[in-house]
Amino acid sequence: MIRPLVILPDPVLRQVSEPVERVDDDLRKLADDMLETMYDAPGIGLAAIQIGIPRRMLVIDLSRDDEPNDPHVFINPEIVATGEQPNVHEEGCLSIPDYYAEVERPASVTVRYIDRDGERQEIAADGMMATCLQHEIDHLNGVLFIDHLSRLKRDMVVRKFRKLAVRDKDKAPPTRMVG
Ligand code: GNR
Ligand code: NI
């Protein structure tokens, strides 16, 4: 099932997500819904909070359009080590549509997590996987990629999305605001 995306400035995006307590069929169904929503958007990653569910869970698929899907599910992910080397990559976010900016993060990370079978796993990631894991794990802590930009840039984006939400208020049910 494709679920509606939560968009800036909805305060839901600032919630700190709670750990997953058990990996069962309901949770696997949620993972499938997240993947379906991500593929539909389309995006390369999605955190549960982006569909309004404050659980520490995210999905990533970095396969290209001409390749078969390569879905990854990360439950209760934790960054246990970061590389020394920084890396700058242009990022976007399904919760901040049509806005892109360069963000500097560690180029490599080691992440411990639980997979969809409930097994403990560890991944040493670099490149796009490292960037994406850090972007998604930020979401679990209520952090957005615009928080890594200058205050000027961040405020410009927040103001623009606040105005869009106010304008849409007449048509759609009210969107809550957060600064
Ligand atoms: O689809 C997405 N693309 C992307 C590009 C660069 C760095 C991070 C991302 S994640 C984003 C989907 C999203 O918003 N995940 O939370
Ligand atoms: Ni995002």
# chains A, B, ... in the order shown; residues from 1 in each chain; ligands from 1
call {"tool": "residues_near_ligand", "arguments": {"ligand": "ligand 1", "cutoff": "7 Å", "atoms": "only C-alpha atoms and all ligand atoms", "output": "list in words"}}
result
Pro42, Gly43, Ile44, Gly45, Leu46, Ala47, His89, Glu90, Glu91, Gly92, Cys93, Leu94, Ser95, Thr131, Cys132, His135, Glu136 and His139 of chain A
call {"tool": "write_last_selection", "arguments": {"atoms": "N, CA and C atoms", "output": "compact mmCIF listing (two decimals), in the first residue's frame"}}
result
# COMPACT_ATOMS: atom_id res chain seq x y z
N PRO A 42 9.53 8.84 -7.01
CA PRO A 42 10.40 7.79 -6.52
C PRO A 42 11.52 8.38 -5.68
N GLY A 43 12.06 7.55 -4.76
CA GLY A 43 13.21 7.95 -3.97
C GLY A 43 14.12 6.77 -3.77
N ILE A 44 15.28 7.02 -3.13
CA ILE A 44 16.25 5.93 -2.91
C ILE A 44 16.27 5.51 -1.44
N GLY A 45 15.53 6.23 -0.59
CA GLY A 45 15.47 5.88 0.82
C GLY A 45 14.19 6.42 1.43
N LEU A 46 13.78 5.85 2.55
CA LEU A 46 12.59 6.36 3.25
C LEU A 46 12.65 5.91 4.71
N ALA A 47 12.40 6.86 5.62
CA ALA A 47 12.29 6.54 7.04
C ALA A 47 10.81 6.45 7.40
N HIS A 89 27.96 15.59 -0.86
CA HIS A 89 27.05 15.03 -1.85
C HIS A 89 25.79 15.88 -1.93
N GLU A 90 25.25 16.04 -3.13
CA GLU A 90 23.98 16.76 -3.26
C GLU A 90 22.85 15.87 -2.76
N GLU A 91 22.06 16.40 -1.82
CA GLU A 91 20.96 15.63 -1.25
C GLU A 91 19.61 16.26 -1.56
N GLY A 92 18.61 15.41 -1.56
CA GLY A 92 17.22 15.84 -1.64
C GLY A 92 16.46 15.04 -0.60
N CYS A 93 15.17 15.36 -0.42
CA CYS A 93 14.37 14.64 0.58
C CYS A 93 12.93 14.62 0.11
N LEU A 94 12.31 13.45 0.21
CA LEU A 94 10.91 13.32 -0.22
C LEU A 94 9.98 14.18 0.63
N SER A 95 10.44 14.59 1.82
CA SER A 95 9.62 15.44 2.70
C SER A 95 9.88 16.92 2.44
N THR A 131 26.03 7.95 2.59
CA THR A 131 25.27 9.22 2.61
C THR A 131 23.82 8.95 2.95
N CYS A 132 23.23 7.96 2.29
CA CYS A 132 21.81 7.69 2.45
C CYS A 132 21.50 7.18 3.87
N HIS A 135 21.51 10.16 6.15
CA HIS A 135 20.31 10.97 5.91
C HIS A 135 19.09 10.33 6.58
N GLU A 136 18.94 9.02 6.42
CA GLU A 136 17.77 8.32 6.98
C GLU A 136 17.83 8.23 8.50
N HIS A 139 16.62 11.26 10.11
CA HIS A 139 15.16 11.31 10.21
C HIS A 139 14.66 10.65 11.49
call {"tool": "select_by_dssp", "arguments": {"residues": "chain A", "states": "strand (DSSP E or B)", "output": "PDB file with N, CA and C atoms, in the first residue's frame"}}
result
ATOM      1  N   GLU A  18      10.783   5.913  18.058  1.00  0.00           N
ATOM      2  CA  GLU A  18      10.999   4.924  19.133  1.00  0.00           C
ATOM      3  C   GLU A  18      11.524   3.614  18.553  1.00  0.00           C
ATOM      4  N   GLY A  45      15.529   6.227  -0.590  1.00  0.00           N
ATOM      5  CA  GLY A  45      15.473   5.876   0.823  1.00  0.00           C
ATOM      6  C   GLY A  45      14.193   6.416   1.428  1.00  0.00           C
ATOM      7  N   LEU A  46      13.780   5.851   2.548  1.00  0.00           N
ATOM      8  CA  LEU A  46      12.590   6.358   3.254  1.00  0.00           C
ATOM      9  C   LEU A  46      12.646   5.909   4.709  1.00  0.00           C
ATOM     10  N   ALA A  47      12.399   6.864   5.624  1.00  0.00           N
ATOM     11  CA  ALA A  47      12.293   6.542   7.043  1.00  0.00           C
ATOM     12  C   ALA A  47      10.807   6.450   7.401  1.00  0.00           C
ATOM     13  N   ARG A  55       8.715   5.089  14.297  1.00  0.00           N
ATOM     14  CA  ARG A  55       9.481   3.885  14.650  1.00  0.00           C
ATOM     15  C   ARG A  55      10.863   3.959  13.998  1.00  0.00           C
ATOM     16  N   MET A  57      13.066   2.761  11.900  1.00  0.00           N
ATOM     17  CA  MET A  57      13.104   1.821  10.785  1.00  0.00           C
ATOM     18  C   MET A  57      13.225   2.612   9.484  1.00  0.00           C
ATOM     19  N   LEU A  58      14.026   2.093   8.552  1.00  0.00           N
ATOM     20  CA  LEU A  58      14.194   2.781   7.277  1.00  0.00           C
ATOM     21  C   LEU A  58      14.437   1.762   6.168  1.00  0.00           C
ATOM     22  N   VAL A  59      14.165   2.193   4.950  1.00  0.00           N
ATOM     23  CA  VAL A  59      14.425   1.349   3.785  1.00  0.00           C
ATOM     24  C   VAL A  59      15.289   2.125   2.796  1.00  0.00           C
ATOM     25  N   ILE A  60      16.107   1.391   2.054  1.00  0.00           N
ATOM     26  CA  ILE A  60      16.992   1.983   1.038  1.00  0.00           C
ATOM     27  C   ILE A  60      17.045   1.041  -0.158  1.00  0.00           C
ATOM     28  N   HIS A  72      16.659  -2.846   0.814  1.00  0.00           N
ATOM     29  CA  HIS A  72      17.304  -3.086   2.112  1.00  0.00           C
ATOM     30  C   HIS A  72      16.403  -2.520   3.207  1.00  0.00           C
ATOM     31  N   VAL A  73      16.203  -3.296   4.266  1.00  0.00           N
ATOM     32  CA  VAL A  73      15.410  -2.846   5.418  1.00  0.00           C
ATOM     33  C   VAL A  73      16.331  -2.791   6.637  1.00  0.00           C
ATOM     34  N   PHE A  74      16.363  -1.638   7.308  1.00  0.00           N
ATOM     35  CA  PHE A  74      17.207  -1.428   8.490  1.00  0.00           C
ATOM     36  C   PHE A  74      16.307  -1.111   9.680  1.00  0.00           C
ATOM     37  N   ILE A  75      16.335  -1.984  10.695  1.00  0.00           N
ATOM     38  CA  ILE A  75      15.521  -1.802  11.895  1.00  0.00           C
ATOM     39  C   ILE A  75      16.454  -1.444  13.053  1.00  0.00           C
ATOM     40  N   ASN A  76      16.059  -0.435  13.851  1.00  0.00           N
ATOM     41  CA  ASN A  76      16.875   0.057  14.980  1.00  0.00           C
ATOM     42  C   ASN A  76      18.339   0.271  14.575  1.00  0.00           C
ATOM     43  N   PRO A  77      18.598   0.971  13.470  1.00  0.00           N
ATOM     44  CA  PRO A  77      19.987   1.157  13.029  1.00  0.00           C
ATOM     45  C   PRO A  77      20.746   2.099  13.970  1.00  0.00           C
ATOM     46  N   GLU A  78      22.028   1.811  14.160  1.00  0.00           N
ATOM     47  CA  GLU A  78      22.902   2.637  14.999  1.00  0.00           C
ATOM     48  C   GLU A  78      24.226   2.813  14.291  1.00  0.00           C
ATOM     49  N   ILE A  79      24.698   4.040  14.200  1.00  0.00           N
ATOM     50  CA  ILE A  79      26.040   4.287  13.665  1.00  0.00           C
ATOM     51  C   ILE A  79      27.037   3.976  14.768  1.00  0.00           C
ATOM     52  N   VAL A  80      27.887   2.959  14.552  1.00  0.00           N
ATOM     53  CA  VAL A  80      28.843   2.565  15.594  1.00  0.00           C
ATOM     54  C   VAL A  80      30.246   3.066  15.286  1.00  0.00           C
ATOM     55  N   ALA A  81      30.491   3.525  14.056  1.00  0.00           N
ATOM     56  CA  ALA A  81      31.784   4.117  13.704  1.00  0.00           C
ATOM     57  C   ALA A  81      31.614   4.995  12.474  1.00  0.00           C
ATOM     58  N   THR A  82      32.401   6.080  12.416  1.00  0.00           N
ATOM     59  CA  THR A  82      32.403   6.943  11.230  1.00  0.00           C
ATOM     60  C   THR A  82      33.843   7.117  10.768  1.00  0.00           C
ATOM     61  N   PRO A  86      35.802  13.328   5.108  1.00  0.00           N
ATOM     62  CA  PRO A  86      34.484  13.884   4.798  1.00  0.00           C
ATOM     63  C   PRO A  86      34.142  13.715   3.316  1.00  0.00           C
ATOM     64  N   ASN A  87      32.864  13.813   3.007  1.00  0.00           N
ATOM     65  CA  ASN A  87      32.398  13.689   1.626  1.00  0.00           C
ATOM     66  C   ASN A  87      31.247  14.670   1.438  1.00  0.00           C
ATOM     67  N   VAL A  88      31.220  15.345   0.287  1.00  0.00           N
ATOM     68  CA  VAL A  88      30.124  16.269  -0.009  1.00  0.00           C
ATOM     69  C   VAL A  88      29.270  15.663  -1.109  1.00  0.00           C
ATOM     70  N   HIS A  89      27.960  15.594  -0.860  1.00  0.00           N
ATOM     71  CA  HIS A  89      27.054  15.028  -1.854  1.00  0.00           C
ATOM     72  C   HIS A  89      25.791  15.882  -1.932  1.00  0.00           C
ATOM     73  N   GLU A  90      25.248  16.036  -3.134  1.00  0.00           N
ATOM     74  CA  GLU A  90      23.977  16.764  -3.259  1.00  0.00           C
ATOM     75  C   GLU A  90      22.845  15.873  -2.757  1.00  0.00           C
ATOM     76  N   GLU A  91      22.061  16.401  -1.824  1.00  0.00           N
ATOM     77  CA  GLU A  91      20.962  15.628  -1.246  1.00  0.00           C
ATOM     78  C   GLU A  91      19.611  16.258  -1.559  1.00  0.00           C
ATOM     79  N   GLY A  92      18.605  15.411  -1.562  1.00  0.00           N
ATOM     80  CA  GLY A  92      17.219  15.843  -1.637  1.00  0.00           C
ATOM     81  C   GLY A  92      16.460  15.044  -0.603  1.00  0.00           C
ATOM     82  N   CYS A  93      15.172  15.359  -0.416  1.00  0.00           N
ATOM     83  CA  CYS A  93      14.373  14.642   0.581  1.00  0.00           C
ATOM     84  C   CYS A  93      12.929  14.618   0.112  1.00  0.00           C
ATOM     85  N   ILE A  96      10.826  17.238   1.518  1.00  0.00           N
ATOM     86  CA  ILE A  96      11.145  18.626   1.141  1.00  0.00           C
ATOM     87  C   ILE A  96      11.219  18.646  -0.391  1.00  0.00           C
ATOM     88  N   PRO A  97      10.063  18.482  -1.058  1.00  0.00           N
ATOM     89  CA  PRO A  97      10.077  18.226  -2.509  1.00  0.00           C
ATOM     90  C   PRO A  97      10.771  19.330  -3.312  1.00  0.00           C
ATOM     91  N   ASP A  98      11.529  18.921  -4.317  1.00  0.00           N
ATOM     92  CA  ASP A  98      12.127  19.823  -5.306  1.00  0.00           C
ATOM     93  C   ASP A  98      13.156  20.785  -4.730  1.00  0.00           C
ATOM     94  N   TYR A  99      13.758  20.458  -3.594  1.00  0.00           N
ATOM     95  CA  TYR A  99      14.855  21.264  -3.078  1.00  0.00           C
ATOM     96  C   TYR A  99      16.086  20.372  -2.906  1.00  0.00           C
ATOM     97  N   TYR A 100      17.223  20.830  -3.425  1.00  0.00           N
ATOM     98  CA  TYR A 100      18.463  20.045  -3.383  1.00  0.00           C
ATOM     99  C   TYR A 100      19.601  20.926  -2.907  1.00  0.00           C
ATOM    100  N   ALA A 101      20.508  20.377  -2.107  1.00  0.00           N
ATOM    101  CA  ALA A 101      21.673  21.131  -1.651  1.00  0.00           C
ATOM    102  C   ALA A 101      22.787  20.175  -1.268  1.00  0.00           C
ATOM    103  N   GLU A 102      24.025  20.687  -1.343  1.00  0.00           N
ATOM    104  CA  GLU A 102      25.185  19.870  -0.991  1.00  0.00           C
ATOM    105  C   GLU A 102      25.329  19.794   0.528  1.00  0.00           C
ATOM    106  N   VAL A 103      25.576  18.588   1.024  1.00  0.00           N
ATOM    107  CA  VAL A 103      25.747  18.347   2.463  1.00  0.00           C
ATOM    108  C   VAL A 103      27.064  17.602   2.666  1.00  0.00           C
ATOM    109  N   GLU A 104      27.830  18.030   3.687  1.00  0.00           N
ATOM    110  CA  GLU A 104      29.060  17.317   4.036  1.00  0.00           C
ATOM    111  C   GLU A 104      28.797  16.372   5.202  1.00  0.00           C
ATOM    112  N   ARG A 105      29.214  15.120   5.020  1.00  0.00           N
ATOM    113  CA  ARG A 105      29.074  14.093   6.057  1.00  0.00           C
ATOM    114  C   ARG A 105      30.306  13.203   5.993  1.00  0.00           C
ATOM    115  N   PRO A 106      30.526  12.367   7.038  1.00  0.00           N
ATOM    116  CA  PRO A 106      31.595  11.364   6.922  1.00  0.00           C
ATOM    117  C   PRO A 106      31.385  10.483   5.684  1.00  0.00           C
ATOM    118  N   SER A 108      32.353   7.461   5.186  1.00  0.00           N
ATOM    119  CA  SER A 108      32.065   6.053   5.478  1.00  0.00           C
ATOM    120  C   SER A 108      31.512   5.913   6.893  1.00  0.00           C
ATOM    121  N   VAL A 109      30.618   4.956   7.053  1.00  0.00           N
ATOM    122  CA  VAL A 109      30.020   4.670   8.369  1.00  0.00           C
ATOM    123  C   VAL A 109      29.853   3.159   8.530  1.00  0.00           C
ATOM    124  N   THR A 110      29.935   2.724   9.785  1.00  0.00           N
ATOM    125  CA  THR A 110      29.572   1.344  10.121  1.00  0.00           C
ATOM    126  C   THR A 110      28.257   1.411  10.890  1.00  0.00           C
ATOM    127  N   VAL A 111      27.271   0.649  10.426  1.00  0.00           N
ATOM    128  CA  VAL A 111      25.932   0.696  11.016  1.00  0.00           C
ATOM    129  C   VAL A 111      25.535  -0.700  11.487  1.00  0.00           C
ATOM    130  N   ARG A 112      25.087  -0.774  12.738  1.00  0.00           N
ATOM    131  CA  ARG A 112      24.528  -2.007  13.303  1.00  0.00           C
ATOM    132  C   ARG A 112      23.019  -1.906  13.227  1.00  0.00           C
ATOM    133  N   TYR A 113      22.341  -2.981  12.863  1.00  0.00           N
ATOM    134  CA  TYR A 113      20.888  -2.927  12.695  1.00  0.00           C
ATOM    135  C   TYR A 113      20.304  -4.328  12.784  1.00  0.00           C
ATOM    136  N   ILE A 114      18.992  -4.405  12.732  1.00  0.00           N
ATOM    137  CA  ILE A 114      18.290  -5.691  12.679  1.00  0.00           C
ATOM    138  C   ILE A 114      17.641  -5.779  11.305  1.00  0.00           C
ATOM    139  N   ARG A 120      20.513  -9.770  13.798  1.00  0.00           N
ATOM    140  CA  ARG A 120      21.445  -8.645  13.981  1.00  0.00           C
ATOM    141  C   ARG A 120      22.447  -8.635  12.836  1.00  0.00           C
ATOM    142  N   GLN A 121      22.696  -7.439  12.294  1.00  0.00           N
ATOM    143  CA  GLN A 121      23.617  -7.291  11.173  1.00  0.00           C
ATOM    144  C   GLN A 121      24.510  -6.076  11.388  1.00  0.00           C
ATOM    145  N   GLU A 122      25.610  -6.030  10.641  1.00  0.00           N
ATOM    146  CA  GLU A 122      26.475  -4.850  10.626  1.00  0.00           C
ATOM    147  C   GLU A 122      26.899  -4.622   9.183  1.00  0.00           C
ATOM    148  N   ILE A 123      26.900  -3.349   8.760  1.00  0.00           N
ATOM    149  CA  ILE A 123      27.317  -3.014   7.393  1.00  0.00           C
ATOM    150  C   ILE A 123      28.353  -1.894   7.452  1.00  0.00           C
ATOM    151  N   ALA A 124      29.439  -2.069   6.699  1.00  0.00           N
ATOM    152  CA  ALA A 124      30.418  -1.003   6.525  1.00  0.00           C
ATOM    153  C   ALA A 124      30.089  -0.361   5.181  1.00  0.00           C
ATOM    154  N   ALA A 125      29.631   0.894   5.208  1.00  0.00           N
ATOM    155  CA  ALA A 125      29.132   1.533   4.000  1.00  0.00           C
ATOM    156  C   ALA A 125      29.987   2.718   3.602  1.00  0.00           C
ATOM    157  N   ASP A 126      30.136   2.913   2.284  1.00  0.00           N
ATOM    158  CA  ASP A 126      30.704   4.169   1.801  1.00  0.00           C
ATOM    159  C   ASP A 126      29.880   4.622   0.594  1.00  0.00           C
TER     160      ASP A 126
END
call {"tool": "select_by_dssp", "arguments": {"residues": "range 36-88 of chain A", "states": "alpha helix (DSSP H)", "output": "mmCIF file with N, CA and C atoms, in the first residue's frame"}}
result
data_model
loop_
_atom_site.group_PDB
_atom_site.id
_atom_site.type_symbol
_atom_site.label_atom_id
_atom_site.label_comp_id
_atom_site.auth_asym_id
_atom_site.auth_seq_id
_atom_site.Cartn_x
_atom_site.Cartn_y
_atom_site.Cartn_z
ATOM 1 N N GLU A 36 7.155 0.325 -1.183
ATOM 2 C CA GLU A 36 6.215 0.659 -2.260
ATOM 3 C C GLU A 36 6.060 2.178 -2.383
ATOM 4 N N THR A 37 5.961 2.854 -1.229
ATOM 5 C CA THR A 37 5.830 4.318 -1.208
ATOM 6 C C THR A 37 7.090 4.973 -1.775
ATOM 7 N N MET A 38 8.267 4.424 -1.395
ATOM 8 C CA MET A 38 9.542 4.959 -1.875
ATOM 9 C C MET A 38 9.684 4.777 -3.391
ATOM 10 N N TYR A 39 9.356 3.578 -3.898
ATOM 11 C CA TYR A 39 9.469 3.326 -5.347
ATOM 12 C C TYR A 39 8.513 4.214 -6.128
ATOM 13 N N ASP A 40 7.328 4.463 -5.559
ATOM 14 C CA ASP A 40 6.318 5.262 -6.245
ATOM 15 C C ASP A 40 6.738 6.725 -6.347
#
call {"tool": "atom_distance", "arguments": {"atom1": "CA of Leu140 in chain A", "atom2": "CA of Arg22 in chain A"}}
result
17.3 Å
call {"tool": "closest_residue", "arguments": {"among": "A:Met128, A:Met156, A:Leu8, A:Val23", "to": "ligand 2", "atoms": "only C-alpha atoms and all ligand atoms"}}
result
A:Leu8
call {"tool": "residues_around", "arguments": {"residues": "Pro4 in chain A", "least_positions_apart": "3", "cutoff": "9 Å", "atoms": "only C-alpha atoms", "output": "MDAnalysis selection string"}}
result
chainID A and resid 37 50:52
call {"tool": "write_last_selection", "arguments": {"atoms": "N, CA and C atoms", "output": "tab-separated table (two decimals), in the first residue's frame"}}
result
chain	number	residue	atom	x	y	z
A	37	THR	N	5.96	2.85	-1.23
A	37	THR	CA	5.83	4.32	-1.21
A	37	THR	C	7.09	4.97	-1.78
A	50	GLN	N	8.52	9.44	7.77
A	50	GLN	CA	8.07	10.16	6.57
A	50	GLN	C	6.69	9.70	6.10
A	51	ILE	N	6.20	8.58	6.64
A	51	ILE	CA	4.79	8.23	6.43
A	51	ILE	C	4.04	8.30	7.76
A	52	GLY	N	4.61	9.08	8.71
A	52	GLY	CA	3.90	9.39	9.95
A	52	GLY	C	4.02	8.36	11.04
call {"tool": "atom_distance", "arguments": {"atom1": "CA of Asp61 in chain A", "atom2": "CA of Asp33 in chain A"}}
result
13.8 Å
call {"tool": "closest_residue", "arguments": {"among": "A:Asn69, A:Asn141, A:Ser63, A:Gln134", "to": "Gln15 in chain A", "atoms": "only C-alpha atoms"}}
result
A:Asn141
call {"tool": "closest_residue", "arguments": {"among": "A:Leu149, A:Leu13, A:Val166, A:Ile2", "to": "ligand 2", "atoms": "only C-alpha atoms and all ligand atoms"}}
result
A:Leu13
call {"tool": "atom_distance", "arguments": {"atom1": "CA of Ala48 in chain A", "atom2": "CA of Leu30 in chain A"}}
result
8.4 Å
call {"tool": "closest_residue", "arguments": {"among": "A:Asp32, A:Asp147, A:Glu67, A:Asp155", "to": "ligand 2", "atoms": "only C-alpha atoms and all ligand atoms"}}
result
A:Asp147
call {"tool": "closest_residue", "arguments": {"among": "A:Leu144, A:Ser17, A:Asp115, A:Pro54", "to": "ligand 2", "atoms": "only C-alpha atoms and all ligand atoms"}}
result
A:Leu144
call {"tool": "closest_residue", "arguments": {"among": "A:Met34, A:Met1, A:Ile137, A:Val16", "to": "ligand 2", "atoms": "only C-alpha atoms and all ligand atoms"}}
result
A:Ile137
